[in-house]
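Undergrad: Can you read through this structure? Questions will come right after.
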Amino acid sequence: MKLIIAYIQPERLNAVKQSLYEREIYKMSVSNAVGCGQQKGYVHQYRGAMEEVTLLKKIRLAIAVNDAYVDKTVEGIIAGARTGDIGDGKIFVLPMDECIRIRTGEKGPAAIG
């Protein structure tokens, strides 16, 4: 079992979801995040004052998968999120020791589905 965490551009979320659905990956958690990386932010003018924005908006996906789905999930995220520009995002694949479905009490790979 693995936990895949991906940070992507907000406007690429629908493309990533569609790409994952095509690969039969339907379960995910999506949340808003802010952060900075190689992009380093930008400077813009607001009401006559220059403002430096260093924390950029991102989307954080968390997807728990069984080992057989790891490659398909990573490929789906890349296919939907890649634009070729700096700031496309990052994917982290972490080992997951346990998963428990609260409703049934199932544990391990059966709980992920």
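By convention here, the chains of the structure tokens are called A, B, ... in the order presented, each chain's residues are numbered starting at 1, and ligands are numbered starting at 1 in the order presented.
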Need the shell around Ala33 of chain A: protein/DNA/RNA residues with any atom at most 7 Å away, counting only C-alpha atoms. Skip same-chain ones fewer than 5 positions apart. Format as a PyMOL selection string?
TA: chain A and resi 57-60
Undergrad: Do a neighbour search on Ala15 of chain A at 10 Å with only C-alpha atoms, toss out local chain neighbours closer than 6 positions, and write the hits as a list in words.
TA: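 Once the adjacent positions are removed, what remains is Tyr21, Gly76, Ile77, Ala79, Gly80, Ala81 and Arg82 of chain A.
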Undergrad: Go ahead and save the picked residues with N, CA, C and O atoms, as a CSV table (one decimal), in the first residue's frame.
TA:
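In the end it all went to selection_23.csv:
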```csv
chain,number,residue,atom,x,y,z
A,21,TYR,N,-9.5,9.0,-13.8
A,21,TYR,CA,-10.7,8.3,-14.0
A,21,TYR,C,-10.6,7.3,-15.2
A,21,TYR,O,-11.1,6.2,-15.2
A,76,GLY,N,-1.1,8.8,-14.4
A,76,GLY,CA,-2.3,9.6,-14.6
A,76,GLY,C,-2.1,11.1,-14.1
A,76,GLY,O,-2.6,12.0,-14.8
A,77,ILE,N,-1.5,11.2,-13.0
A,77,ILE,CA,-1.2,12.6,-12.5
A,77,ILE,C,-0.3,13.3,-13.5
A,77,ILE,O,-0.6,14.5,-13.8
A,79,ALA,N,0.2,12.8,-16.7
A,79,ALA,CA,-0.5,13.1,-17.9
A,79,ALA,C,-1.5,14.3,-17.8
A,79,ALA,O,-1.6,15.0,-18.8
A,80,GLY,N,-2.1,14.4,-16.7
A,80,GLY,CA,-3.1,15.5,-16.5
A,80,GLY,C,-2.4,16.8,-16.1
A,80,GLY,O,-3.0,17.9,-16.4
A,81,ALA,N,-1.3,16.8,-15.4
A,81,ALA,CA,-0.7,18.0,-14.8
A,81,ALA,C,0.4,18.6,-15.6
A,81,ALA,O,0.7,19.8,-15.5
A,82,ARG,N,1.0,17.8,-16.5
A,82,ARG,CA,2.2,18.3,-17.2
A,82,ARG,C,1.9,19.4,-18.2
A,82,ARG,O,1.1,19.1,-19.1
```
Undergrad: Can you tell me which residues surround Ser31 of chain A at a distance of at most 12 Å, considering only C-alpha atoms, apart from same-chain residues fewer than 6 positions away, and format the answer as a ChimeraX atom specification?
TA: /A:5-10,13,57-63
Undergrad: Restrict the selected residues to all heavy atoms and save them as a short mmCIF file (atom, residue, chain, number, x, y, z; two decimals), in the first residue's frame.
TA:
```cif
data_model
loop_
_atom_site.label_atom_id
_atom_site.label_comp_id
_atom_site.auth_asym_id
_atom_site.auth_seq_id
_atom_site.Cartn_x
_atom_site.Cartn_y
_atom_site.Cartn_z
N ILE A 5 1.04 11.60 -2.73
CA ILE A 5 0.70 13.00 -2.49
C ILE A 5 1.24 13.79 -3.67
O ILE A 5 2.42 13.67 -4.01
CB ILE A 5 1.30 13.51 -1.16
CG1 ILE A 5 0.73 12.71 0.00
CG2 ILE A 5 1.04 15.00 -1.00
CD1 ILE A 5 1.36 13.02 1.34
N ALA A 6 0.38 14.58 -4.28
CA ALA A 6 0.78 15.38 -5.43
C ALA A 6 0.36 16.82 -5.23
O ALA A 6 -0.72 17.10 -4.72
CB ALA A 6 0.16 14.83 -6.71
N TYR A 7 1.24 17.73 -5.62
CA TYR A 7 0.94 19.15 -5.63
C TYR A 7 0.90 19.58 -7.09
O TYR A 7 1.88 19.38 -7.82
CB TYR A 7 2.01 19.95 -4.86
CG TYR A 7 1.95 19.71 -3.38
CD1 TYR A 7 2.69 18.69 -2.79
CD2 TYR A 7 1.13 20.48 -2.58
CE1 TYR A 7 2.62 18.45 -1.43
CE2 TYR A 7 1.05 20.26 -1.20
CZ TYR A 7 1.80 19.24 -0.65
OH TYR A 7 1.72 19.01 0.70
N ILE A 8 -0.23 20.14 -7.51
CA ILE A 8 -0.41 20.50 -8.91
C ILE A 8 -0.96 21.92 -9.02
O ILE A 8 -1.42 22.49 -8.03
CB ILE A 8 -1.36 19.52 -9.63
CG1 ILE A 8 -2.75 19.54 -9.00
CG2 ILE A 8 -0.78 18.11 -9.63
CD1 ILE A 8 -3.81 18.80 -9.78
N GLN A 9 -0.96 22.46 -10.25
CA GLN A 9 -1.55 23.77 -10.51
C GLN A 9 -3.08 23.66 -10.38
O GLN A 9 -3.66 22.67 -10.84
CB GLN A 9 -1.20 24.23 -11.92
CG GLN A 9 0.26 24.51 -12.14
CD GLN A 9 0.70 25.82 -11.51
OE1 GLN A 9 -0.12 26.62 -11.03
NE2 GLN A 9 1.99 26.04 -11.49
N PRO A 10 -3.73 24.65 -9.79
CA PRO A 10 -5.19 24.58 -9.62
C PRO A 10 -5.95 24.38 -10.93
O PRO A 10 -6.92 23.63 -10.98
CB PRO A 10 -5.55 25.92 -8.98
CG PRO A 10 -4.30 26.37 -8.31
CD PRO A 10 -3.16 25.84 -9.14
N LEU A 13 -6.51 20.65 -12.24
CA LEU A 13 -7.22 19.66 -11.44
C LEU A 13 -8.19 18.82 -12.28
O LEU A 13 -8.20 17.60 -12.18
CB LEU A 13 -7.95 20.32 -10.28
CG LEU A 13 -8.79 19.38 -9.41
CD1 LEU A 13 -7.91 18.30 -8.78
CD2 LEU A 13 -9.52 20.15 -8.33
N LYS A 57 -0.69 29.56 -5.04
CA LYS A 57 -1.78 28.62 -4.84
C LYS A 57 -1.49 27.31 -5.57
O LYS A 57 -1.07 27.32 -6.73
CB LYS A 57 -3.10 29.21 -5.34
CG LYS A 57 -3.56 30.39 -4.55
CD LYS A 57 -4.84 30.96 -5.11
CE LYS A 57 -5.25 32.19 -4.29
NZ LYS A 57 -6.46 32.81 -4.80
N LYS A 58 -1.72 26.21 -4.89
CA LYS A 58 -1.57 24.87 -5.45
C LYS A 58 -2.74 24.01 -4.98
O LYS A 58 -3.48 24.38 -4.08
CB LYS A 58 -0.26 24.21 -4.98
CG LYS A 58 1.01 24.93 -5.37
CD LYS A 58 1.27 24.80 -6.85
CE LYS A 58 2.60 25.46 -7.19
NZ LYS A 58 2.89 25.37 -8.60
N ILE A 59 -2.89 22.87 -5.58
CA ILE A 59 -3.86 21.86 -5.16
C ILE A 59 -3.09 20.66 -4.65
O ILE A 59 -2.12 20.23 -5.29
CB ILE A 59 -4.77 21.44 -6.33
CG1 ILE A 59 -5.61 22.62 -6.81
CG2 ILE A 59 -5.65 20.26 -5.95
CD1 ILE A 59 -6.67 23.08 -5.82
N ARG A 60 -3.48 20.12 -3.51
CA ARG A 60 -2.84 18.94 -2.93
C ARG A 60 -3.78 17.75 -3.09
O ARG A 60 -4.91 17.78 -2.62
CB ARG A 60 -2.53 19.15 -1.46
CG ARG A 60 -1.84 18.00 -0.79
CD ARG A 60 -1.67 18.29 0.71
NE ARG A 60 -0.82 17.34 1.36
CZ ARG A 60 -1.26 16.22 1.95
NH1 ARG A 60 -2.54 15.91 1.92
NH2 ARG A 60 -0.41 15.41 2.55
N LEU A 61 -3.30 16.72 -3.77
CA LEU A 61 -4.04 15.47 -3.91
C LEU A 61 -3.41 14.43 -3.00
O LEU A 61 -2.19 14.31 -2.96
CB LEU A 61 -3.97 14.95 -5.35
CG LEU A 61 -4.50 15.82 -6.46
CD1 LEU A 61 -4.19 15.19 -7.80
CD2 LEU A 61 -5.98 16.00 -6.30
N ALA A 62 -4.23 13.69 -2.30
CA ALA A 62 -3.76 12.55 -1.50
C ALA A 62 -4.54 11.34 -1.97
O ALA A 62 -5.79 11.34 -1.93
CB ALA A 62 -3.97 12.80 -0.01
N ILE A 63 -3.83 10.32 -2.44
CA ILE A 63 -4.47 9.14 -3.00
C ILE A 63 -3.82 7.91 -2.40
O ILE A 63 -2.60 7.70 -2.54
CB ILE A 63 -4.32 9.10 -4.54
CG1 ILE A 63 -4.82 10.41 -5.16
CG2 ILE A 63 -5.04 7.90 -5.12
CD1 ILE A 63 -4.48 10.57 -6.61
#
```
Undergrad: DSSP on the backbone, helix (DSSP H, G or I) only: what residues of segment 1-94 of chain A does that give? Format it as a PyMOL selection string.
TA: chain A and resi 10-22+67-81
Undergrad: Since we have the selection now, will you write its residues out, keeping N, CA and C atoms, as a PDB file, in the first residue's frame?
TA:
```pdb
ATOM      1  N   PRO A  10      -3.734  24.648  -9.790  1.00  0.00           N
ATOM      2  CA  PRO A  10      -5.187  24.579  -9.621  1.00  0.00           C
ATOM      3  C   PRO A  10      -5.948  24.381 -10.933  1.00  0.00           C
ATOM      4  N   GLU A  11      -5.493  25.018 -11.992  1.00  0.00           N
ATOM      5  CA  GLU A  11      -6.216  24.915 -13.261  1.00  0.00           C
ATOM      6  C   GLU A  11      -6.055  23.559 -13.939  1.00  0.00           C
ATOM      7  N   ARG A  12      -5.161  22.693 -13.425  1.00  0.00           N
ATOM      8  CA  ARG A  12      -4.949  21.365 -14.000  1.00  0.00           C
ATOM      9  C   ARG A  12      -5.739  20.283 -13.266  1.00  0.00           C
ATOM     10  N   LEU A  13      -6.507  20.650 -12.244  1.00  0.00           N
ATOM     11  CA  LEU A  13      -7.219  19.655 -11.443  1.00  0.00           C
ATOM     12  C   LEU A  13      -8.190  18.825 -12.282  1.00  0.00           C
ATOM     13  N   ASN A  14      -8.999  19.459 -13.105  1.00  0.00           N
ATOM     14  CA  ASN A  14      -9.963  18.699 -13.903  1.00  0.00           C
ATOM     15  C   ASN A  14      -9.277  17.742 -14.863  1.00  0.00           C
ATOM     16  N   ALA A  15      -8.175  18.171 -15.467  1.00  0.00           N
ATOM     17  CA  ALA A  15      -7.432  17.296 -16.380  1.00  0.00           C
ATOM     18  C   ALA A  15      -6.839  16.108 -15.634  1.00  0.00           C
ATOM     19  N   VAL A  16      -6.332  16.347 -14.431  1.00  0.00           N
ATOM     20  CA  VAL A  16      -5.769  15.253 -13.630  1.00  0.00           C
ATOM     21  C   VAL A  16      -6.869  14.276 -13.219  1.00  0.00           C
ATOM     22  N   LYS A  17      -8.003  14.793 -12.760  1.00  0.00           N
ATOM     23  CA  LYS A  17      -9.109  13.905 -12.372  1.00  0.00           C
ATOM     24  C   LYS A  17      -9.564  13.063 -13.555  1.00  0.00           C
ATOM     25  N   GLN A  18      -9.704  13.667 -14.718  1.00  0.00           N
ATOM     26  CA  GLN A  18     -10.126  12.928 -15.906  1.00  0.00           C
ATOM     27  C   GLN A  18      -9.113  11.848 -16.274  1.00  0.00           C
ATOM     28  N   SER A  19      -7.838  12.186 -16.185  1.00  0.00           N
ATOM     29  CA  SER A  19      -6.784  11.220 -16.492  1.00  0.00           C
ATOM     30  C   SER A  19      -6.795  10.054 -15.505  1.00  0.00           C
ATOM     31  N   LEU A  20      -7.050  10.339 -14.241  1.00  0.00           N
ATOM     32  CA  LEU A  20      -7.127   9.275 -13.236  1.00  0.00           C
ATOM     33  C   LEU A  20      -8.378   8.423 -13.452  1.00  0.00           C
ATOM     34  N   TYR A  21      -9.498   9.044 -13.769  1.00  0.00           N
ATOM     35  CA  TYR A  21     -10.731   8.292 -14.020  1.00  0.00           C
ATOM     36  C   TYR A  21     -10.551   7.328 -15.191  1.00  0.00           C
ATOM     37  N   GLU A  22      -9.829   7.758 -16.229  1.00  0.00           N
ATOM     38  CA  GLU A  22      -9.562   6.885 -17.374  1.00  0.00           C
ATOM     39  C   GLU A  22      -8.760   5.651 -16.969  1.00  0.00           C
ATOM     40  N   ASP A  67      -0.457  -1.563  -4.190  1.00  0.00           N
ATOM     41  CA  ASP A  67       0.789  -1.545  -4.956  1.00  0.00           C
ATOM     42  C   ASP A  67       0.576  -1.676  -6.461  1.00  0.00           C
ATOM     43  N   ALA A  68      -0.420  -2.415  -6.890  1.00  0.00           N
ATOM     44  CA  ALA A  68      -0.656  -2.622  -8.317  1.00  0.00           C
ATOM     45  C   ALA A  68      -1.091  -1.342  -9.031  1.00  0.00           C
ATOM     46  N   TYR A  69      -1.565  -0.352  -8.292  1.00  0.00           N
ATOM     47  CA  TYR A  69      -2.075   0.879  -8.896  1.00  0.00           C
ATOM     48  C   TYR A  69      -1.110   2.060  -8.806  1.00  0.00           C
ATOM     49  N   VAL A  70       0.051   1.867  -8.209  1.00  0.00           N
ATOM     50  CA  VAL A  70       0.974   2.990  -8.015  1.00  0.00           C
ATOM     51  C   VAL A  70       1.400   3.591  -9.349  1.00  0.00           C
ATOM     52  N   ASP A  71       1.892   2.779 -10.274  1.00  0.00           N
ATOM     53  CA  ASP A  71       2.371   3.300 -11.554  1.00  0.00           C
ATOM     54  C   ASP A  71       1.250   3.959 -12.349  1.00  0.00           C
ATOM     55  N   LYS A  72       0.073   3.340 -12.365  1.00  0.00           N
ATOM     56  CA  LYS A  72      -1.065   3.922 -13.093  1.00  0.00           C
ATOM     57  C   LYS A  72      -1.455   5.274 -12.516  1.00  0.00           C
ATOM     58  N   THR A  73      -1.399   5.388 -11.201  1.00  0.00           N
ATOM     59  CA  THR A  73      -1.770   6.645 -10.553  1.00  0.00           C
ATOM     60  C   THR A  73      -0.767   7.742 -10.874  1.00  0.00           C
ATOM     61  N   VAL A  74       0.513   7.429 -10.750  1.00  0.00           N
ATOM     62  CA  VAL A  74       1.562   8.412 -11.051  1.00  0.00           C
ATOM     63  C   VAL A  74       1.483   8.837 -12.520  1.00  0.00           C
ATOM     64  N   GLU A  75       1.311   7.879 -13.419  1.00  0.00           N
ATOM     65  CA  GLU A  75       1.192   8.201 -14.846  1.00  0.00           C
ATOM     66  C   GLU A  75      -0.013   9.097 -15.105  1.00  0.00           C
ATOM     67  N   GLY A  76      -1.119   8.827 -14.432  1.00  0.00           N
ATOM     68  CA  GLY A  76      -2.322   9.636 -14.608  1.00  0.00           C
ATOM     69  C   GLY A  76      -2.131  11.068 -14.139  1.00  0.00           C
ATOM     70  N   ILE A  77      -1.465  11.235 -13.007  1.00  0.00           N
ATOM     71  CA  ILE A  77      -1.213  12.588 -12.492  1.00  0.00           C
ATOM     72  C   ILE A  77      -0.308  13.347 -13.454  1.00  0.00           C
ATOM     73  N   ILE A  78       0.748  12.695 -13.913  1.00  0.00           N
ATOM     74  CA  ILE A  78       1.674  13.348 -14.840  1.00  0.00           C
ATOM     75  C   ILE A  78       0.962  13.715 -16.139  1.00  0.00           C
ATOM     76  N   ALA A  79       0.165  12.800 -16.674  1.00  0.00           N
ATOM     77  CA  ALA A  79      -0.535  13.063 -17.938  1.00  0.00           C
ATOM     78  C   ALA A  79      -1.478  14.256 -17.825  1.00  0.00           C
ATOM     79  N   GLY A  80      -2.130  14.414 -16.695  1.00  0.00           N
ATOM     80  CA  GLY A  80      -3.066  15.519 -16.529  1.00  0.00           C
ATOM     81  C   GLY A  80      -2.438  16.823 -16.105  1.00  0.00           C
ATOM     82  N   ALA A  81      -1.314  16.766 -15.396  1.00  0.00           N
ATOM     83  CA  ALA A  81      -0.739  17.971 -14.802  1.00  0.00           C
ATOM     84  C   ALA A  81       0.387  18.603 -15.618  1.00  0.00           C
TER      85      ALA A  81
END
```
Undergrad: What does the distance from atom CA of Met1 of chain A to atom CA of Gly35 of chain A come to in Å, to one decimal?
TA: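 Atom CA of Gly35 of chain A lies 27.4 Å from atom CA of Met1 of chain A.
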Undergrad: Between A:Ile4, A:Met50, A:Ala111, A:Val43, single out the one closest to Val30 of chain A, counting only C-alpha atoms.
TA: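 Of all the options, A:Ile4 lies closest to Val30 of chain A.
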Undergrad: Could you pull the residues within 7 Å of Lys2 of chain A, counting only C-alpha atoms, minus those fewer than 6 positions along the same chain, as a list in words?
TA: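 Selected residues are Ala64, Val65, Asn66, Asp67, Val93, Leu94, Pro95 and Met96 of chain A.
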Undergrad: How would you write, as a count of residues only, the set of residues in chain A that DSSP gives as strand (DSSP E or B)?
TA: 43
